[in-house]
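File shown here: start.tsv, holding TSV, C-alpha atoms and all ligand atoms.
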chain	number	residue	atom	x	y	z
A	1	MET	CA	-10.44	-0.57	-11.15
A	2	THR	CA	-11.98	2.12	-8.97
A	3	ASN	CA	-10.91	2.64	-5.37
A	4	ALA	CA	-14.34	1.45	-4.16
A	5	GLY	CA	-14.32	-1.59	-1.93
A	6	ARG	CA	-10.61	-1.89	-1.25
A	7	SER	CA	-8.47	-1.02	1.79
A	8	ASP	CA	-6.45	2.14	2.28
A	9	PRO	CA	-3.31	2.08	0.05
A	10	THR	CA	-1.04	2.54	3.09
A	11	VAL	CA	-2.49	-0.59	4.70
A	12	LEU	CA	-2.05	-2.51	1.45
A	13	LYS	CA	1.58	-1.36	1.12
A	14	LEU	CA	2.34	-2.52	4.66
A	15	ALA	CA	0.85	-5.96	3.93
A	16	ILE	CA	2.89	-6.18	0.70
A	17	ASP	CA	6.11	-5.15	2.43
A	18	SER	CA	5.58	-7.64	5.23
A	19	LYS	CA	4.80	-10.54	2.89
A	20	TYR	CA	7.67	-9.95	0.45
A	21	SER	CA	10.21	-9.22	3.19
A	22	GLN	CA	9.40	-12.69	4.52
A	23	GLU	CA	9.60	-14.24	1.05
A	24	ALA	CA	12.98	-12.59	0.51
A	25	THR	CA	14.48	-14.34	3.51
A	26	ALA	CA	12.84	-17.74	2.94
A	27	SER	CA	14.99	-20.40	1.31
A	28	LYS	CA	12.11	-21.44	-0.99
A	29	SER	CA	9.08	-19.46	-2.13
A	30	SER	CA	5.91	-20.24	-0.16
A	31	SER	CA	3.58	-17.88	-1.94
A	32	SER	CA	0.25	-18.56	-3.62
A	33	CYS	CA	1.49	-16.10	-6.24
A	34	CYS	CA	4.06	-18.45	-7.66
A	35	CYS	CA	5.53	-19.57	-10.10
A	36	GLY	CA	6.42	-18.40	-13.56
A	37	SER	CA	7.77	-20.88	-16.05
A	38	ASP	CA	11.08	-22.57	-15.42
A	39	ARG	CA	14.21	-20.56	-16.29
A	40	SER	CA	16.67	-23.21	-15.20
A	41	GLU	CA	19.67	-21.37	-16.65
A	42	VAL	CA	19.41	-18.45	-14.18
A	43	PRO	CA	21.16	-18.54	-10.76
A	44	SER	CA	19.50	-21.03	-8.39
A	45	ASP	CA	19.13	-18.41	-5.65
A	46	ALA	CA	16.90	-16.34	-7.96
A	47	GLN	CA	14.92	-19.42	-9.01
A	48	SER	CA	14.18	-20.34	-5.41
A	49	VAL	CA	12.38	-17.03	-4.89
A	50	SER	CA	10.34	-17.19	-8.10
A	51	LEU	CA	6.98	-15.57	-7.36
A	52	GLY	CA	5.72	-14.76	-10.84
A	53	CYS	CA	2.75	-16.05	-12.82
A	54	GLY	CA	4.17	-16.12	-16.34
A	55	SER	CA	7.29	-15.73	-18.42
A	56	PRO	CA	7.26	-12.23	-19.95
A	57	VAL	CA	10.96	-12.26	-20.90
A	58	SER	CA	10.41	-15.24	-23.20
A	59	TYR	CA	8.26	-12.98	-25.45
A	60	VAL	CA	10.81	-10.16	-25.75
A	61	SER	CA	12.74	-9.66	-29.02
A	62	PHE	CA	16.23	-8.69	-27.87
A	63	ARG	CA	18.26	-6.17	-29.85
A	64	GLU	CA	21.76	-4.68	-29.74
A	65	GLY	CA	22.32	-2.23	-26.88
A	66	MET	CA	18.83	-2.63	-25.42
A	67	THR	CA	17.88	-1.52	-21.90
A	68	LEU	CA	15.18	-3.65	-20.25
A	69	VAL	CA	13.55	-2.76	-16.93
A	70	ASP	CA	11.71	-5.37	-14.86
A	71	LEU	CA	9.17	-3.94	-12.39
A	72	GLY	CA	8.68	-5.66	-9.03
A	73	CYS	CA	11.68	-7.83	-9.82
A	74	GLY	CA	11.71	-9.69	-6.50
A	75	GLY	CA	14.81	-11.89	-6.30
A	76	GLY	CA	15.60	-11.04	-9.92
A	77	ILE	CA	14.62	-14.17	-11.85
A	78	ASP	CA	13.46	-12.27	-14.94
A	79	VAL	CA	16.27	-9.71	-14.69
A	80	PHE	CA	18.89	-12.47	-14.80
A	81	ALA	CA	17.08	-14.26	-17.66
A	82	ALA	CA	17.05	-11.00	-19.65
A	83	ALA	CA	20.66	-10.17	-18.75
A	84	ASP	CA	21.81	-13.54	-20.12
A	85	LYS	CA	20.18	-12.70	-23.48
A	86	LEU	CA	21.50	-9.12	-23.43
A	87	ARG	CA	25.13	-9.85	-22.53
A	88	PRO	CA	26.26	-10.70	-26.10
A	89	LEU	CA	24.24	-7.71	-27.38
A	90	ASN	CA	25.89	-5.20	-25.02
A	91	GLY	CA	22.56	-4.55	-23.37
A	92	LYS	CA	21.56	-4.33	-19.73
A	93	ALA	CA	18.70	-5.24	-17.41
A	94	ILE	CA	17.53	-3.19	-14.44
A	95	GLY	CA	15.25	-4.55	-11.69
A	96	ILE	CA	13.08	-2.30	-9.52
A	97	ASP	CA	11.43	-3.44	-6.31
A	98	SER	CA	9.90	-1.72	-3.28
A	99	THR	CA	11.00	-4.36	-0.76
A	100	ILE	CA	14.46	-3.64	0.69
A	101	LYS	CA	15.17	-7.30	1.43
A	102	MET	CA	14.29	-8.37	-2.13
A	103	ILE	CA	16.70	-5.82	-3.59
A	104	ALA	CA	19.42	-6.92	-1.14
A	105	ARG	CA	18.91	-10.56	-2.13
A	106	ALA	CA	18.95	-9.80	-5.88
A	107	ARG	CA	22.13	-7.70	-5.52
A	108	ARG	CA	23.83	-10.52	-3.59
A	109	THR	CA	22.88	-13.05	-6.32
A	110	ALA	CA	24.24	-10.69	-9.00
A	111	SER	CA	27.54	-10.28	-7.25
A	112	GLN	CA	27.93	-13.98	-6.37
A	113	ASN	CA	27.30	-14.90	-10.01
A	114	ASN	CA	29.47	-12.15	-11.53
A	115	TYR	CA	26.72	-10.37	-13.46
A	116	THR	CA	28.06	-7.12	-14.88
A	117	ASN	CA	25.05	-6.02	-16.97
A	118	VAL	CA	22.42	-5.92	-14.21
A	119	GLU	CA	21.42	-3.29	-11.70
A	120	PHE	CA	18.85	-3.42	-8.91
A	121	ARG	CA	17.19	-0.24	-7.65
A	122	LEU	CA	14.92	0.20	-4.66
A	123	GLY	CA	11.77	2.05	-5.68
A	124	GLU	CA	8.08	2.04	-6.41
A	125	ILE	CA	6.40	1.53	-9.75
A	126	GLU	CA	4.24	4.57	-9.06
A	127	ASN	CA	7.37	6.74	-8.88
A	128	LEU	CA	10.06	4.96	-10.89
A	129	PRO	CA	13.71	5.83	-10.13
A	130	ILE	CA	14.43	6.03	-13.89
A	131	GLU	CA	14.96	8.92	-16.29
A	132	LYS	CA	12.26	9.59	-18.87
A	133	GLU	CA	12.48	7.94	-22.33
A	134	THR	CA	15.56	5.81	-21.52
A	135	VAL	CA	14.08	2.29	-21.64
A	136	ASP	CA	13.46	0.01	-24.65
A	137	VAL	CA	11.36	-2.69	-22.95
A	138	VAL	CA	9.52	-2.92	-19.64
A	139	THR	CA	8.64	-6.33	-18.24
A	140	SER	CA	6.86	-7.30	-15.04
A	141	ASN	CA	5.75	-10.62	-13.59
A	142	CYS	CA	2.77	-10.77	-11.24
A	143	VAL	CA	3.15	-7.28	-9.77
A	144	ILE	CA	0.72	-4.79	-11.39
A	145	ASN	CA	-2.16	-6.41	-9.49
A	146	LEU	CA	-0.40	-5.39	-6.25
A	147	VAL	CA	-0.24	-1.70	-7.14
A	148	PRO	CA	-3.14	0.30	-5.65
A	149	ASP	CA	-2.97	3.11	-8.27
A	150	LYS	CA	-2.69	1.25	-11.57
A	151	LEU	CA	-3.27	4.29	-13.81
A	152	ARG	CA	-0.28	5.96	-12.17
A	153	ALA	CA	1.77	2.75	-12.74
A	154	PHE	CA	1.01	2.72	-16.47
A	155	GLN	CA	1.69	6.45	-16.75
A	156	GLU	CA	5.09	5.90	-15.15
A	157	ILE	CA	5.87	3.03	-17.55
A	158	TYR	CA	4.90	5.33	-20.43
A	159	ARG	CA	7.17	8.09	-19.10
A	160	VAL	CA	10.31	5.91	-18.89
A	161	LEU	CA	9.83	4.13	-22.23
A	162	LYS	CA	11.49	5.51	-25.35
A	163	GLN	CA	9.14	6.33	-28.21
A	164	GLY	CA	8.54	3.02	-29.98
A	165	GLY	CA	9.38	1.15	-26.74
A	166	SER	CA	7.08	-1.57	-25.45
A	167	MET	CA	5.99	-3.49	-22.40
A	168	THR	CA	5.44	-7.22	-22.00
A	169	ILE	CA	3.73	-8.00	-18.72
A	170	SER	CA	2.39	-11.13	-17.03
A	171	ASP	CA	-0.26	-10.60	-14.39
A	172	ILE	CA	-3.27	-12.06	-12.65
A	173	ILE	CA	-6.54	-11.09	-14.32
A	174	ALA	CA	-10.05	-11.44	-12.87
A	175	LYS	CA	-12.39	-13.29	-15.23
A	176	LYS	CA	-15.33	-12.42	-12.99
A	177	PRO	CA	-15.63	-9.58	-10.44
A	178	VAL	CA	-13.59	-10.05	-7.25
A	179	PRO	CA	-16.05	-10.05	-4.31
A	180	ASP	CA	-15.87	-7.08	-1.93
A	181	ARG	CA	-14.94	-9.27	1.06
A	182	ILE	CA	-11.76	-10.31	-0.82
A	183	LYS	CA	-11.02	-6.81	-2.17
A	184	LYS	CA	-11.06	-5.52	1.40
A	185	ASP	CA	-8.61	-8.14	2.68
A	186	PRO	CA	-5.03	-6.73	2.68
A	187	GLU	CA	-3.56	-10.22	3.03
A	188	LYS	CA	-5.40	-11.45	-0.08
A	189	TRP	CA	-4.26	-8.28	-1.84
A	190	SER	CA	-0.63	-9.10	-1.00
A	191	GLU	CA	-1.22	-12.63	-2.37
A	192	CYS	CA	-1.95	-11.19	-5.85
A	193	VAL	CA	-5.69	-11.89	-5.67
A	194	SER	CA	-7.71	-8.83	-4.62
A	195	GLY	CA	-6.13	-6.27	-6.92
A	196	ALA	CA	-6.61	-8.22	-10.16
A	197	LEU	CA	-8.10	-6.15	-12.99
A	198	SER	CA	-10.52	-7.44	-15.61
A	199	ILE	CA	-9.27	-7.38	-19.22
A	200	GLU	CA	-11.67	-4.50	-19.96
A	201	GLU	CA	-10.29	-2.44	-17.04
A	202	LEU	CA	-6.73	-3.20	-18.14
A	203	LYS	CA	-7.39	-2.13	-21.74
A	204	ALA	CA	-9.08	1.10	-20.61
A	205	LEU	CA	-6.14	2.04	-18.35
A	206	LEU	CA	-3.60	1.33	-21.12
A	207	LEU	CA	-5.54	3.45	-23.57
A	208	GLU	CA	-5.86	6.28	-21.04
A	209	SER	CA	-2.07	6.16	-20.47
A	210	GLY	CA	-1.37	6.50	-24.21
A	211	PHE	CA	-0.45	2.92	-25.17
A	212	ILE	CA	-1.46	1.34	-28.48
A	213	ASP	CA	-1.33	-2.15	-30.06
A	214	PHE	CA	-2.59	-4.02	-26.98
A	215	LYS	CA	-2.21	-7.78	-27.56
A	216	ILE	CA	-2.80	-10.80	-25.35
A	217	LEU	CA	0.12	-13.20	-25.80
A	218	GLU	CA	-0.97	-15.87	-23.33
A	219	ASP	CA	-4.10	-16.49	-21.24
A	220	SER	CA	-4.29	-19.48	-18.94
A	221	LYS	CA	-6.44	-20.45	-15.98
A	222	TRP	CA	-4.91	-19.56	-12.59
A	223	ASP	CA	-6.05	-22.22	-10.14
A	224	LYS	CA	-3.75	-21.55	-7.18
A	225	THR	CA	-6.64	-20.15	-5.18
A	226	GLU	CA	-9.29	-22.36	-3.64
A	227	ASP	CA	-11.94	-19.68	-3.23
A	228	GLN	CA	-15.05	-20.71	-5.23
A	229	ASP	CA	-16.03	-17.06	-5.80
A	230	LEU	CA	-12.86	-16.32	-7.74
A	231	GLU	CA	-12.12	-16.99	-11.37
A	232	LEU	CA	-8.56	-15.86	-12.13
A	233	ALA	CA	-6.23	-16.18	-15.10
A	234	SER	CA	-2.55	-15.60	-15.72
A	235	VAL	CA	-2.36	-13.29	-18.72
A	236	THR	CA	0.72	-12.06	-20.58
A	237	PHE	CA	0.09	-8.94	-22.65
A	238	TYR	CA	1.98	-6.49	-24.86
A	239	ALA	CA	1.47	-2.77	-25.50
A	240	LEU	CA	3.46	-0.14	-27.39
A	241	LYS	CA	4.34	3.51	-26.75
A	242	PRO	CA	3.84	5.09	-30.18
A	243	LYS	CA	6.58	6.99	-31.97
A	244	GLY	CA	6.03	10.74	-32.26
A	245	SER	CA	4.12	10.84	-28.99
A	301	LIG	C1	4.56	-11.62	-6.55
A	301	LIG	S1	6.14	-10.92	-6.33
A	301	LIG	C2	6.85	-11.18	-7.96
A	301	LIG	C3	8.37	-11.06	-7.94
A	301	LIG	C4	9.06	-11.34	-9.28
A	301	LIG	N1	8.52	-10.53	-10.32
A	301	LIG	C5	9.01	-12.80	-9.64
A	301	LIG	O1	8.50	-13.13	-10.72
A	301	LIG	O2	9.50	-13.63	-8.85
A	301	LIG	C6	5.80	-9.20	-6.30
A	301	LIG	C7	7.00	-8.29	-6.09
A	301	LIG	O3	6.60	-6.96	-6.39
A	301	LIG	C8	7.11	-6.07	-5.43
A	301	LIG	N2	6.21	-4.91	-5.38
A	301	LIG	C9	4.94	-4.87	-4.94
A	301	LIG	N3	4.41	-3.64	-5.11
A	301	LIG	C10	5.37	-2.89	-5.69
A	301	LIG	C11	5.44	-1.52	-6.11
A	301	LIG	N4	4.39	-0.70	-5.98
A	301	LIG	N5	6.59	-1.06	-6.64
A	301	LIG	C12	7.66	-1.89	-6.78
A	301	LIG	N6	7.66	-3.19	-6.40
A	301	LIG	C13	6.53	-3.69	-5.86
A	301	LIG	C14	7.16	-6.90	-4.14
A	301	LIG	O4	8.10	-6.38	-3.23
A	301	LIG	C15	7.55	-8.28	-4.68
A	301	LIG	O5	8.94	-8.47	-4.71
Could you quickly redo this structure as structure tokens?
Amino acid sequence: MTNAGRSDPTVLKLAIDSKYSQEATASKSSSSCCCGSDRSEVPSDAQSVSLGCGSPVSYVSFREGMTLVDLGCGGGIDVFAAADKLRPLNGKAIGIDSTIKMIARARRTASQNNYTNVEFRLGEIENLPIEKETVDVVTSNCVINLVPDKLRAFQEIYRVLKQGGSMTISDIIAKKPVPDRIKKDPEKWSECVSGALSIEELKALLLESGFIDFKILEDSKWDKTEDQDLELASVTFYALKPKGS
């Protein structure tokens, strides 16, 4: 996606921070960008702030000692789901989010539920607080659409992944071009609508960042918006950082 037609990134970031700070303190999620599939085994406090659009963790093959990082983790629903799978494998899950109140809520849930193999870090996807080549799998659930500079986001994911590491991401995808009036609306951007890429734009950015083996794992109609000019889908995709890169 080019920068044409959308608001200034600083304005978008403010709208995102305001929306997700409110979501973090609500007892139940109110968002139009909600919900991923049910993960009833994870702590109820994380479930009640489920704002995703898919279930990326359900596609991950877990291995001994693995480190998984979930980007834009919100209240931590996917981090806790991954941590449950990783506990017997001596692995760990790290959640990253840019909203202070989301990180505070996720940390509280972790401590109240005695999770010892999770960590939550405040930070932005465009500048990940993670060392290079230390991560086996990156997941993310309904967040990439919110990032103004998506090439930078994929380059950061590439940097932190080990060679042979992969990402499994669920996101909102535009099946037809998002009209300019919606692209320019910071509130609609924060609701996971305006920043949706097309599949072609997504593939081009992944290729430019160095990823290979792009695969669509799930593609379903996203009908949580009533705007007639929008045709959105929830798509879960996979891509690999090649070995020897
Ligand atoms: C739609 S919510 C999804 C939350 C979570 N993944 C889930 O499934 O419930 C988007 C989350 O991404 C975070 N976020 C938005 N832009 C971000 C960025 N550039 N870097 C890190 N986190 C970001 C927001 O603070 C919010 O918690």
Can you tell me, as a PyMOL selection string, what residues are no more than 12 Å from A:Ile96 when counting all atoms listed in the file, ignoring any on the same chain fewer than 3 positions away?
chain A and resi 68-76+78-79+93+99-100+102-104+106-107+118-130+138-141+143
May I ask which of the residues A:Ile77, A:Ser58, A:Arg39, A:Thr10 is the closest one to ligand LIG 301 (chain A), counting only C-alpha atoms and all ligand atoms?
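Answer, going by the shortest atom-to-atom distance: A:Ile77.
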Pick out the residues sitting within 12 Å of A:Asp149, and hand them over as a PDB file with C-alpha atoms, in the coordinates of the input; count all atoms listed in the file, and ignore anything fewer than 5 positions along from it in its own chain.
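The resulting file, selection.pdb, is reproduced below:
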ATOM      1  CA  MET A   1     -10.440  -0.570 -11.150  1.00  0.00           C
ATOM      2  CA  THR A   2     -11.980   2.120  -8.970  1.00  0.00           C
ATOM      3  CA  ASN A   3     -10.910   2.640  -5.370  1.00  0.00           C
ATOM      4  CA  ARG A   6     -10.610  -1.890  -1.250  1.00  0.00           C
ATOM      5  CA  ASP A   8      -6.450   2.140   2.280  1.00  0.00           C
ATOM      6  CA  PRO A   9      -3.310   2.080   0.050  1.00  0.00           C
ATOM      7  CA  THR A  10      -1.040   2.540   3.090  1.00  0.00           C
ATOM      8  CA  LEU A  12      -2.050  -2.510   1.450  1.00  0.00           C
ATOM      9  CA  LYS A  13       1.580  -1.360   1.120  1.00  0.00           C
ATOM     10  CA  GLU A 124       8.080   2.040  -6.410  1.00  0.00           C
ATOM     11  CA  ILE A 125       6.400   1.530  -9.750  1.00  0.00           C
ATOM     12  CA  GLU A 126       4.240   4.570  -9.060  1.00  0.00           C
ATOM     13  CA  ASN A 127       7.370   6.740  -8.880  1.00  0.00           C
ATOM     14  CA  ILE A 144       0.720  -4.790 -11.390  1.00  0.00           C
ATOM     15  CA  PHE A 154       1.010   2.720 -16.470  1.00  0.00           C
ATOM     16  CA  GLN A 155       1.690   6.450 -16.750  1.00  0.00           C
ATOM     17  CA  GLU A 156       5.090   5.900 -15.150  1.00  0.00           C
ATOM     18  CA  GLY A 195      -6.130  -6.270  -6.920  1.00  0.00           C
ATOM     19  CA  LEU A 197      -8.100  -6.150 -12.990  1.00  0.00           C
ATOM     20  CA  LEU A 205      -6.140   2.040 -18.350  1.00  0.00           C
TER      21      LEU A 205
END
Which of these, A:Ala233, A:Glu226, A:Lys215, A:Lys162, has the shortest distance to A:Asn145 once you count all atoms listed in the file?
A:Ala233
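Between A:Ser44 and the candidates A:Gln22, A:Asn117, A:Asn90, A:Gln112, the tightest atom-to-atom separation, counting all atoms listed in the file, involves A:Gln112.
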Might you pull out every residue within 8 Å of stretch 169-175 of chain A, with only C-alpha atoms counted and same-chain residues fewer than 3 positions away left off, and present them as a ChimeraX atom specification?
/A:52-56,138-145,178,192-193,196-199,222,230-238
As an exercise, work out the distance from atom O4 of ligand LIG 301 (chain A) to atom CA of A:Ser21 in Å and give it to one decimal place.
7.3 Å
